[in-house]
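So this block is final11.cif, mmCIF, C-alpha atoms:
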```cif
data_protein
loop_
_atom_site.label_atom_id
_atom_site.label_comp_id
_atom_site.auth_asym_id
_atom_site.auth_seq_id
_atom_site.Cartn_x
_atom_site.Cartn_y
_atom_site.Cartn_z
CA MET P 1 -146.16 48.23 -192.36
CA LYS P 2 -147.96 50.61 -194.73
CA TYR P 3 -149.93 52.03 -191.76
CA PHE P 4 -146.69 52.47 -189.79
CA ASN P 5 -144.97 54.28 -192.67
CA THR P 6 -147.94 56.63 -193.06
CA VAL P 7 -147.95 57.45 -189.35
CA ALA P 8 -144.18 57.94 -189.39
CA PHE P 9 -144.52 60.29 -192.37
CA ILE P 10 -147.20 62.34 -190.60
CA ILE P 11 -145.08 62.53 -187.45
CA THR P 12 -142.08 63.61 -189.52
CA LEU P 13 -144.09 66.40 -191.18
CA SER P 14 -145.44 67.49 -187.82
CA PHE P 15 -141.96 67.58 -186.31
CA ALA P 16 -140.57 69.46 -189.31
CA GLY P 17 -143.35 72.02 -189.00
CA HIS P 18 -142.64 72.41 -185.30
CA LEU P 19 -138.92 72.72 -186.02
CA CYS P 20 -139.57 75.35 -188.66
CA GLN P 21 -141.74 77.32 -186.23
CA ALA P 22 -139.20 76.94 -183.47
CA ASN P 23 -136.48 78.31 -185.72
CA ASP P 24 -138.47 81.36 -186.76
CA LYS P 25 -136.67 84.30 -185.17
CA ILE P 26 -137.19 88.01 -185.04
CA ILE P 27 -134.02 89.99 -185.76
CA THR P 28 -134.28 93.30 -183.98
CA TYR P 29 -132.62 96.53 -185.08
CA VAL P 30 -132.72 100.04 -183.63
CA LYS P 31 -135.71 102.25 -184.36
CA PRO P 32 -134.82 105.50 -186.20
CA GLU P 33 -134.37 108.61 -184.07
CA GLY P 34 -137.31 110.57 -185.48
CA ILE P 35 -139.86 110.86 -188.26
CA LYS P 36 -137.35 112.78 -190.39
CA ASP P 37 -134.61 110.20 -189.84
CA ASN P 38 -134.53 108.00 -192.95
CA ARG P 39 -130.95 106.81 -192.46
CA SER P 40 -132.00 103.23 -191.65
CA GLU P 41 -134.14 102.58 -194.72
CA TYR P 42 -131.41 101.39 -197.10
CA PHE P 43 -129.72 99.23 -194.45
CA VAL P 44 -132.96 97.49 -193.51
CA LYS P 45 -133.53 96.70 -197.19
CA LEU P 46 -129.98 95.34 -197.49
CA LEU P 47 -130.36 93.31 -194.30
CA ALA P 48 -133.57 91.79 -195.67
CA LEU P 49 -131.81 91.01 -198.96
CA ALA P 50 -128.93 89.21 -197.19
CA LEU P 51 -131.39 87.11 -195.19
CA GLU P 52 -133.47 86.36 -198.29
CA LYS P 53 -130.40 85.07 -200.15
CA THR P 54 -129.74 82.51 -197.43
CA ALA P 55 -133.31 81.61 -196.47
CA THR P 56 -134.54 78.03 -196.10
CA PRO P 57 -137.79 76.70 -194.59
CA LEU P 58 -135.89 76.02 -191.38
CA ASN P 59 -134.17 79.37 -190.87
CA THR P 60 -136.85 81.98 -191.50
CA ARG P 61 -136.03 85.35 -189.98
CA HIS P 62 -138.24 88.41 -189.57
CA LEU P 63 -137.05 91.98 -189.05
CA LYS P 64 -138.42 94.25 -186.36
CA ALA P 65 -137.46 97.68 -185.01
CA THR P 66 -137.09 98.25 -181.29
CA PRO P 67 -140.10 99.92 -179.61
CA ASN P 68 -137.98 102.92 -178.68
CA THR P 69 -135.03 104.63 -180.27
CA MET P 70 -131.58 104.70 -178.68
CA LYS P 71 -128.35 106.54 -179.27
CA GLN P 72 -125.54 104.82 -181.12
CA GLY P 73 -123.38 104.32 -178.04
CA ARG P 74 -126.21 102.71 -176.10
CA ALA P 75 -127.17 100.50 -179.06
CA ILE P 76 -123.60 99.19 -179.28
CA HIS P 77 -123.57 98.54 -175.54
CA GLU P 78 -126.93 96.73 -175.68
CA LEU P 79 -125.75 94.56 -178.57
CA ALA P 80 -122.45 93.77 -176.85
CA GLN P 81 -124.39 92.68 -173.76
CA GLY P 82 -126.76 90.52 -175.84
CA ARG P 83 -129.80 92.55 -174.88
CA SER P 84 -132.76 93.90 -176.88
CA ILE P 85 -131.14 94.08 -180.36
CA ASP P 86 -129.47 91.63 -182.73
CA VAL P 87 -127.74 93.80 -185.31
CA VAL P 88 -126.48 97.32 -185.84
CA TRP P 89 -124.92 99.00 -188.84
CA THR P 90 -122.22 101.50 -188.03
CA VAL P 91 -118.84 102.82 -189.06
CA THR P 92 -116.11 100.43 -188.03
CA SER P 93 -113.28 101.19 -185.65
CA VAL P 94 -110.68 99.22 -183.73
CA ASP P 95 -112.71 99.60 -180.54
CA ARG P 96 -115.99 98.52 -182.15
CA GLU P 97 -114.40 95.43 -183.65
CA LYS P 98 -113.28 94.48 -180.14
CA GLN P 99 -116.75 94.95 -178.67
CA LEU P 100 -118.74 93.36 -181.50
CA LEU P 101 -118.41 90.87 -184.35
CA PRO P 102 -118.13 92.68 -187.72
CA VAL P 103 -119.34 91.43 -191.08
CA ARG P 104 -116.55 92.99 -193.13
CA ILE P 105 -118.45 93.91 -196.27
CA PRO P 106 -118.83 97.69 -196.75
CA LEU P 107 -122.57 98.29 -197.00
CA LEU P 108 -122.12 101.57 -198.86
CA LYS P 109 -119.09 100.52 -200.92
CA GLY P 110 -117.00 102.90 -198.80
CA LEU P 111 -118.93 105.97 -199.92
CA LEU P 112 -119.66 107.01 -196.35
CA GLY P 113 -116.01 108.06 -196.16
CA HIS P 114 -116.62 110.52 -199.00
CA ARG P 115 -118.20 113.50 -197.26
CA VAL P 116 -119.75 116.73 -198.42
CA LEU P 117 -120.54 119.64 -196.13
CA LEU P 118 -123.90 120.96 -195.05
CA ILE P 119 -123.52 124.70 -194.52
CA ARG P 120 -125.65 127.82 -194.13
CA LYS P 121 -126.52 129.43 -197.45
CA GLU P 122 -125.01 132.73 -196.28
CA ASP P 123 -121.59 131.05 -195.94
CA LYS P 124 -121.42 129.75 -199.51
CA ASN P 125 -118.76 132.24 -200.68
CA LYS P 126 -116.68 131.68 -197.55
CA PHE P 127 -116.43 127.94 -198.23
CA ALA P 128 -115.85 128.50 -201.96
CA ALA P 129 -112.50 130.02 -200.94
CA VAL P 130 -111.39 126.82 -199.16
CA ASN P 131 -108.61 125.11 -201.11
CA ASN P 132 -106.95 122.79 -198.61
CA ILE P 133 -107.16 121.29 -195.15
CA LYS P 134 -105.61 124.33 -193.45
CA ASP P 135 -108.28 126.57 -194.93
CA LEU P 136 -111.03 124.26 -193.70
CA GLN P 137 -109.51 123.93 -190.22
CA GLN P 138 -110.39 127.58 -189.62
CA TYR P 139 -114.02 126.54 -189.26
CA THR P 140 -115.82 124.43 -186.66
CA ALA P 141 -117.46 121.11 -187.57
CA GLY P 142 -120.56 119.60 -185.97
CA GLN P 143 -120.95 115.87 -185.21
CA GLY P 144 -122.70 113.37 -182.95
CA HIS P 145 -120.89 113.01 -179.65
CA ASP P 146 -120.44 109.23 -179.97
CA TRP P 147 -119.75 109.05 -183.72
CA PRO P 148 -116.32 107.79 -184.83
CA ASP P 149 -116.15 110.74 -187.22
CA THR P 150 -115.79 113.07 -184.24
CA GLU P 151 -112.56 111.38 -183.19
CA ILE P 152 -111.33 111.24 -186.79
CA LEU P 153 -111.90 114.97 -187.31
CA ARG P 154 -110.22 115.86 -184.02
CA ALA P 155 -107.25 113.63 -184.89
CA ASN P 156 -106.93 115.74 -188.05
CA GLN P 157 -106.80 118.96 -186.00
CA PHE P 158 -110.39 120.10 -186.53
CA THR P 159 -112.43 121.80 -183.85
CA VAL P 160 -115.64 119.79 -183.38
CA THR P 161 -118.84 120.74 -181.55
CA THR P 162 -121.00 117.75 -180.59
CA THR P 163 -124.48 116.89 -179.41
CA SER P 164 -126.30 113.69 -178.49
CA THR P 165 -129.28 114.24 -180.84
CA TYR P 166 -129.35 113.85 -184.60
CA ASP P 167 -132.00 116.53 -185.24
CA GLY P 168 -130.16 118.82 -182.84
CA LEU P 169 -127.21 119.02 -185.25
CA PHE P 170 -129.33 120.71 -187.91
CA GLU P 171 -130.73 123.13 -185.34
CA MET P 172 -127.21 123.94 -184.08
CA LEU P 173 -125.97 124.59 -187.63
CA ALA P 174 -128.85 127.01 -188.19
CA ALA P 175 -128.09 128.68 -184.84
CA HIS P 176 -124.41 129.27 -185.76
CA ARG P 177 -123.15 126.86 -183.08
CA PHE P 178 -120.75 125.47 -185.69
CA ASP P 179 -119.94 126.18 -189.34
CA PHE P 180 -120.26 122.93 -191.26
CA PHE P 181 -121.74 119.48 -190.84
CA PRO P 182 -119.86 116.75 -192.77
CA ARG P 183 -122.28 114.20 -194.19
CA GLY P 184 -121.86 111.05 -196.23
CA ILE P 185 -122.61 111.72 -199.87
CA ASN P 186 -125.40 109.15 -199.53
CA GLU P 187 -127.01 111.26 -196.76
CA ALA P 188 -126.68 114.96 -197.58
CA TRP P 189 -129.28 115.53 -200.30
CA GLN P 190 -131.89 113.39 -198.56
CA GLU P 191 -131.35 115.43 -195.40
CA ILE P 192 -131.80 118.67 -197.32
CA GLU P 193 -135.19 117.34 -198.41
CA THR P 194 -136.35 116.01 -195.05
CA GLN P 195 -135.13 118.94 -192.95
CA ALA P 196 -136.75 121.46 -195.32
CA ASN P 197 -134.59 124.34 -194.10
CA PRO P 198 -134.24 126.89 -196.94
CA ASN P 199 -131.07 128.32 -195.36
CA MET P 200 -129.20 124.98 -195.35
CA ILE P 201 -127.41 123.82 -198.50
CA VAL P 202 -124.86 121.25 -199.66
CA GLU P 203 -121.56 123.04 -200.23
CA ASP P 204 -120.58 122.88 -203.93
CA ASN P 205 -116.84 122.29 -204.09
CA ILE P 206 -115.36 120.28 -201.22
CA LEU P 207 -115.17 116.52 -200.77
CA LEU P 208 -113.64 115.18 -197.55
CA TYR P 209 -112.26 111.67 -197.84
CA TYR P 210 -111.11 109.12 -195.30
CA PRO P 211 -111.55 105.32 -195.51
CA SER P 212 -114.57 104.65 -193.31
CA PRO P 213 -116.60 101.52 -194.12
CA ILE P 214 -119.91 100.86 -192.46
CA TYR P 215 -120.64 97.20 -191.62
CA PHE P 216 -123.30 95.07 -190.04
CA PHE P 217 -122.23 94.16 -186.51
CA VAL P 218 -123.64 91.41 -184.29
CA ASN P 219 -122.92 90.12 -180.79
CA ASN P 220 -119.56 88.32 -180.45
CA HIS P 221 -121.39 85.07 -179.71
CA ALA P 222 -123.68 85.31 -182.78
CA GLN P 223 -121.23 83.68 -185.19
CA LEU P 224 -123.98 81.88 -187.11
CA LEU P 225 -125.83 85.12 -187.80
CA ALA P 226 -122.58 86.83 -188.84
CA LYS P 227 -121.74 84.00 -191.24
CA ARG P 228 -125.24 84.06 -192.67
CA LEU P 229 -125.12 87.81 -193.28
CA GLU P 230 -121.66 87.53 -194.85
CA LYS P 231 -122.84 84.73 -197.15
CA GLY P 232 -126.02 86.60 -198.08
CA LEU P 233 -124.17 89.80 -198.89
CA THR P 234 -121.54 87.90 -200.87
CA LEU P 235 -124.22 86.11 -202.91
CA SER P 236 -125.99 89.41 -203.57
CA ILE P 237 -122.74 90.97 -204.80
CA GLU P 238 -122.11 88.02 -207.08
CA ASP P 239 -125.61 87.95 -208.60
CA GLY P 240 -125.86 91.74 -208.94
CA SER P 241 -128.77 92.26 -206.54
CA PHE P 242 -126.56 94.25 -204.13
CA ASP P 243 -125.74 96.75 -206.90
CA ARG P 244 -129.34 96.89 -208.08
CA LEU P 245 -130.46 97.93 -204.61
CA PHE P 246 -127.52 100.28 -204.12
CA TYR P 247 -127.96 102.17 -207.37
CA SER P 248 -131.78 102.18 -207.46
CA TYR P 249 -132.21 103.56 -203.93
CA HIS P 250 -133.58 107.09 -204.38
CA PRO P 251 -131.09 109.03 -202.20
CA HIS P 252 -128.21 107.26 -203.96
CA LYS P 253 -129.62 108.14 -207.38
CA LYS P 254 -129.87 111.75 -206.25
CA MET P 255 -126.33 111.64 -204.88
CA PHE P 256 -124.87 110.57 -208.21
CA ALA P 257 -127.08 113.00 -210.15
CA MET P 258 -126.29 116.07 -208.05
CA GLY P 259 -123.01 115.35 -206.33
CA ARG P 260 -120.49 116.42 -209.01
CA LEU P 261 -118.22 114.02 -207.18
CA ASN P 262 -115.45 114.00 -209.77
CA GLN P 263 -115.33 117.80 -209.92
CA ARG P 264 -114.80 118.55 -206.23
CA LYS P 265 -111.63 119.49 -204.39
CA VAL P 266 -110.70 116.38 -202.41
CA ILE P 267 -109.31 116.93 -198.92
CA THR P 268 -107.89 113.65 -197.64
CA LEU P 269 -107.85 112.92 -193.91
CA SER P 270 -106.17 110.12 -192.00
CA ASN P 271 -108.33 107.63 -190.12
CA PRO P 272 -106.54 106.44 -186.98
CA LEU P 273 -109.54 104.28 -186.07
CA LEU P 274 -109.36 102.05 -189.17
CA PRO P 275 -108.84 98.39 -188.13
CA PRO P 276 -105.98 96.48 -189.78
CA LEU P 277 -108.34 93.79 -191.15
CA THR P 278 -110.31 96.27 -193.28
CA PRO P 279 -110.53 94.62 -196.75
CA LEU P 280 -109.12 97.60 -198.68
CA LYS P 281 -107.50 95.38 -201.31
CA ASN P 282 -110.75 93.70 -202.35
CA LYS P 283 -111.66 96.21 -205.05
CA LYS P 284 -115.07 94.70 -205.82
CA LEU P 285 -116.29 95.82 -202.39
CA TRP P 286 -115.54 99.53 -202.94
CA TYR P 287 -116.88 102.26 -205.18
CA ASN P 288 -114.25 103.90 -207.39
CA LEU P 289 -114.90 107.61 -207.91
CA LYS P 290 -112.34 107.88 -210.71
#
```
Please, can you express the file's structure as structure tokens?
Amino acid sequence: MKYFNTVAFIITLSFAGHLCQANDKIITYVKPEGIKDNRSEYFVKLLALALEKTATPLNTRHLKATPNTMKQGRAIHELAQGRSIDVVWTVTSVDREKQLLPVRIPLLKGLLGHRVLLIRKEDKNKFAAVNNIKDLQQYTAGQGHDWPDTEILRANQFTVTTTSTYDGLFEMLAAHRFDFFPRGINEAWQEIETQANPNMIVEDNILLYYPSPIYFFVNNHAQLLAKRLEKGLTLSIEDGSFDRLFYSYHPHKKMFAMGRLNQRKVITLSNPLLPPLTPLKNKKLWYNLK
């Protein structure tokens, strides 16, 4: 009997080890668009944190970027089809919540909907004279062709010039193809650093606002992964590790140090793409600028 129990124990350990190995899974996300594109860094850290909070020996997950980059529209299509990637982070919309399964926790506390303007240095005085939405509508915005912000700006009567490449937007601004490039306050100052264009600046006085949370999205059939990410993010909010990452991340520190967010003229836009299930009433999920 003792011999049998020992053998059974060894078999159990062996099976558990095999099960653990079998449950190891690589979670694939989209490779950044270029060497100057640091937009993914924070989200990969947050994704790793959510997985860490819910990790057990039997559900180990590893993160890996795709071999090649892809545009946002293609990434959403690939994820919806269950091919090549497992998760994206993107601004939500009614259409995207039909195509994919959202994890409705705003990864940037809603700050992506607070937008400053990248402009040419020579236009600084021109934008200093902007006091309201009608003043700003005189000028042309630049955006990615498949970004929800493009539709939001057009719905608010802005003229928008688009392109399919992220780096191309900075080149087009410099070439006078459009007048301003709205950026999330978490993005603008980092982009000034990485683009290293002495003629591009963050405009000093204007803050565009529209509710625009960015979520993790997974395939509609990946309910277990969605629940795990939701649980991991919720645990990290409750234990403070979400905030520690959010506030210690260098571009965010720079944003709060340089943004003068409470001193800007706020121009509020409507967001016709905002889904009805957006958790706007859960105040602990959102940053309060006041």
Counting all atoms listed in the file, figure out which residue out of P:Leu235, P:Leu117, P:Ala257, P:Ala188 gets nearest to Asp204 of chain P.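 The closest residue to Asp204 of chain P is P:Leu117.
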Just so the selection is clear, what residues does the PyMOL selection byres ((chain P and resi 208) around 7) cover here, as a ChimeraX atom specification? /P:114-116,206-207,209-210,266-268
For the contact check between segment 158-269 of chain P and segment 43-63 of chain P, emit one row per residue of segment 158-269 of chain P within 12 Å, containing the shortest atom pair and the distance in Å rounded to one decimal, counting all atoms listed in the file, chain then rising number order, as a Markdown table.
```
| residue | atom | partner | partner_atom | distance |
| --- | --- | --- | --- | --- |
| P:Asn186 | CA | P:Phe43 | CA | 12.0 |
| P:Ile214 | CA | P:Phe43 | CA | 10.1 |
| P:Tyr215 | CA | P:Phe43 | CA | 9.7 |
| P:Phe216 | CA | P:Leu47 | CA | 8.4 |
| P:Phe217 | CA | P:Leu47 | CA | 11.3 |
| P:Leu224 | CA | P:Asn59 | CA | 11.1 |
| P:Leu225 | CA | P:Leu51 | CA | 9.5 |
| P:Ala226 | CA | P:Ala50 | CA | 10.8 |
| P:Lys227 | CA | P:Thr54 | CA | 10.2 |
| P:Arg228 | CA | P:Thr54 | CA | 6.7 |
| P:Leu229 | CA | P:Ala50 | CA | 5.6 |
| P:Glu230 | CA | P:Ala50 | CA | 7.8 |
| P:Lys231 | CA | P:Thr54 | CA | 7.3 |
| P:Gly232 | CA | P:Ala50 | CA | 4.0 |
| P:Leu233 | CA | P:Ala50 | CA | 5.1 |
| P:Thr234 | CA | P:Ala50 | CA | 8.4 |
| P:Leu235 | CA | P:Lys53 | CA | 6.8 |
| P:Ser236 | CA | P:Ala50 | CA | 7.0 |
| P:Ile237 | CA | P:Ala50 | CA | 10.0 |
| P:Glu238 | CA | P:Lys53 | CA | 11.2 |
| P:Asp239 | CA | P:Lys53 | CA | 10.1 |
| P:Gly240 | CA | P:Leu49 | CA | 11.6 |
| P:Ser241 | CA | P:Leu49 | CA | 8.3 |
| P:Phe242 | CA | P:Leu46 | CA | 7.5 |
| P:Asp243 | CA | P:Leu46 | CA | 10.4 |
| P:Arg244 | CA | P:Leu46 | CA | 10.7 |
| P:Leu245 | CA | P:Leu46 | CA | 7.6 |
| P:Phe246 | CA | P:Leu46 | CA | 8.6 |
| P:Ser248 | CA | P:Lys45 | CA | 11.8 |
| P:Tyr249 | CA | P:Lys45 | CA | 9.7 |
```
Would you give me, as CSV, each residue of segment 151-257 of chain P having an atom within 9 Å of an atom of segment 33-42 of chain P, along with its shortest atom pair and that distance in Å to one decimal, using all atoms listed in the file and sorting by chain and residue number?
```
residue,atom,partner,partner_atom,distance
P:Thr165,CA,P:Glu33,CA,8.2
P:Tyr166,CA,P:Glu33,CA,7.3
P:Asp167,CA,P:Gly34,CA,8.0
P:Glu187,CA,P:Arg39,CA,7.3
P:Gln190,CA,P:Asn38,CA,8.2
P:Glu191,CA,P:Lys36,CA,8.3
P:Thr194,CA,P:Lys36,CA,5.8
P:Gln195,CA,P:Lys36,CA,7.0
P:Leu245,CA,P:Tyr42,CA,8.3
P:Phe246,CA,P:Tyr42,CA,8.1
P:Tyr249,CA,P:Tyr42,CA,7.2
```
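Against this structure, the PyMOL selection byres ((chain P and resi 78) around 12) ends up with P:Thr28, P:Tyr29, P:Val30, P:Thr66, P:Met70, P:Lys71, P:Gln72, P:Gly73, P:Arg74, P:Ala75, P:Ile76, P:His77, P:Leu79, P:Ala80, P:Gln81, P:Gly82, P:Arg83, P:Ser84, P:Ile85, P:Asp86, P:Val87, P:Val88, P:Gln99, P:Leu100, P:Val218, P:Asn219.
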Target residues per the PyMOL selection byres ((chain P and resi 286-289) around 9), formatted as JSON, numbers by chain: {"P": [106, 108, 109, 110, 111, 261, 262, 280, 282, 283, 284, 285, 290]}
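Interatomic distance, atom CA of Gln138 of chain P against atom CA of Phe181 of chain P: 14.0 Å.
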Write out as lines of an AutoDock Vina configuration file an axis-aligned box for segment 192-203 of chain P: all of its atoms listed in the file, 4 Å added on each side, centre and edge lengths in Å with one decimal.
```
center_x = -129.2
center_y = 122.2
center_z = -196.6
size_x = 23.2
size_y = 20.3
size_z = 15.3
```
For Thr92 of chain P: contacts at 9 Å, all atoms listed in the file, fewer than 6 positions along chain excluded, given as a PDB file with C-alpha atoms, in the coordinates of the input:
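Generated file (out_27.pdb):
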```pdb
ATOM      1  CA  PRO P 102    -118.130  92.680-187.720  1.00  0.00           C
ATOM      2  CA  PRO P 148    -116.320 107.790-184.830  1.00  0.00           C
ATOM      3  CA  SER P 212    -114.570 104.650-193.310  1.00  0.00           C
ATOM      4  CA  PRO P 213    -116.600 101.520-194.120  1.00  0.00           C
ATOM      5  CA  ILE P 214    -119.910 100.860-192.460  1.00  0.00           C
ATOM      6  CA  TYR P 215    -120.640  97.200-191.620  1.00  0.00           C
ATOM      7  CA  PHE P 217    -122.230  94.160-186.510  1.00  0.00           C
ATOM      8  CA  LEU P 273    -109.540 104.280-186.070  1.00  0.00           C
ATOM      9  CA  LEU P 274    -109.360 102.050-189.170  1.00  0.00           C
ATOM     10  CA  PRO P 275    -108.840  98.390-188.130  1.00  0.00           C
ATOM     11  CA  THR P 278    -110.310  96.270-193.280  1.00  0.00           C
TER      12      THR P 278
END
```
To one decimal place in Å, what is the distance between atom CA of Thr150 of chain P and atom CA of His176 of chain P?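 Atom-to-atom, atom CA of Thr150 of chain P and atom CA of His176 of chain P are spaced 18.4 Å apart.
Between atom CA of Lys98 of chain P and atom CA of Leu277 of chain P the interatomic distance comes to 12.1 Å.
Taking all atoms listed in the file into account, Gln157 of chain P lies nearest to P:Leu269 out of the set P:Leu101, P:Ala222, P:Leu269, P:Ile27.
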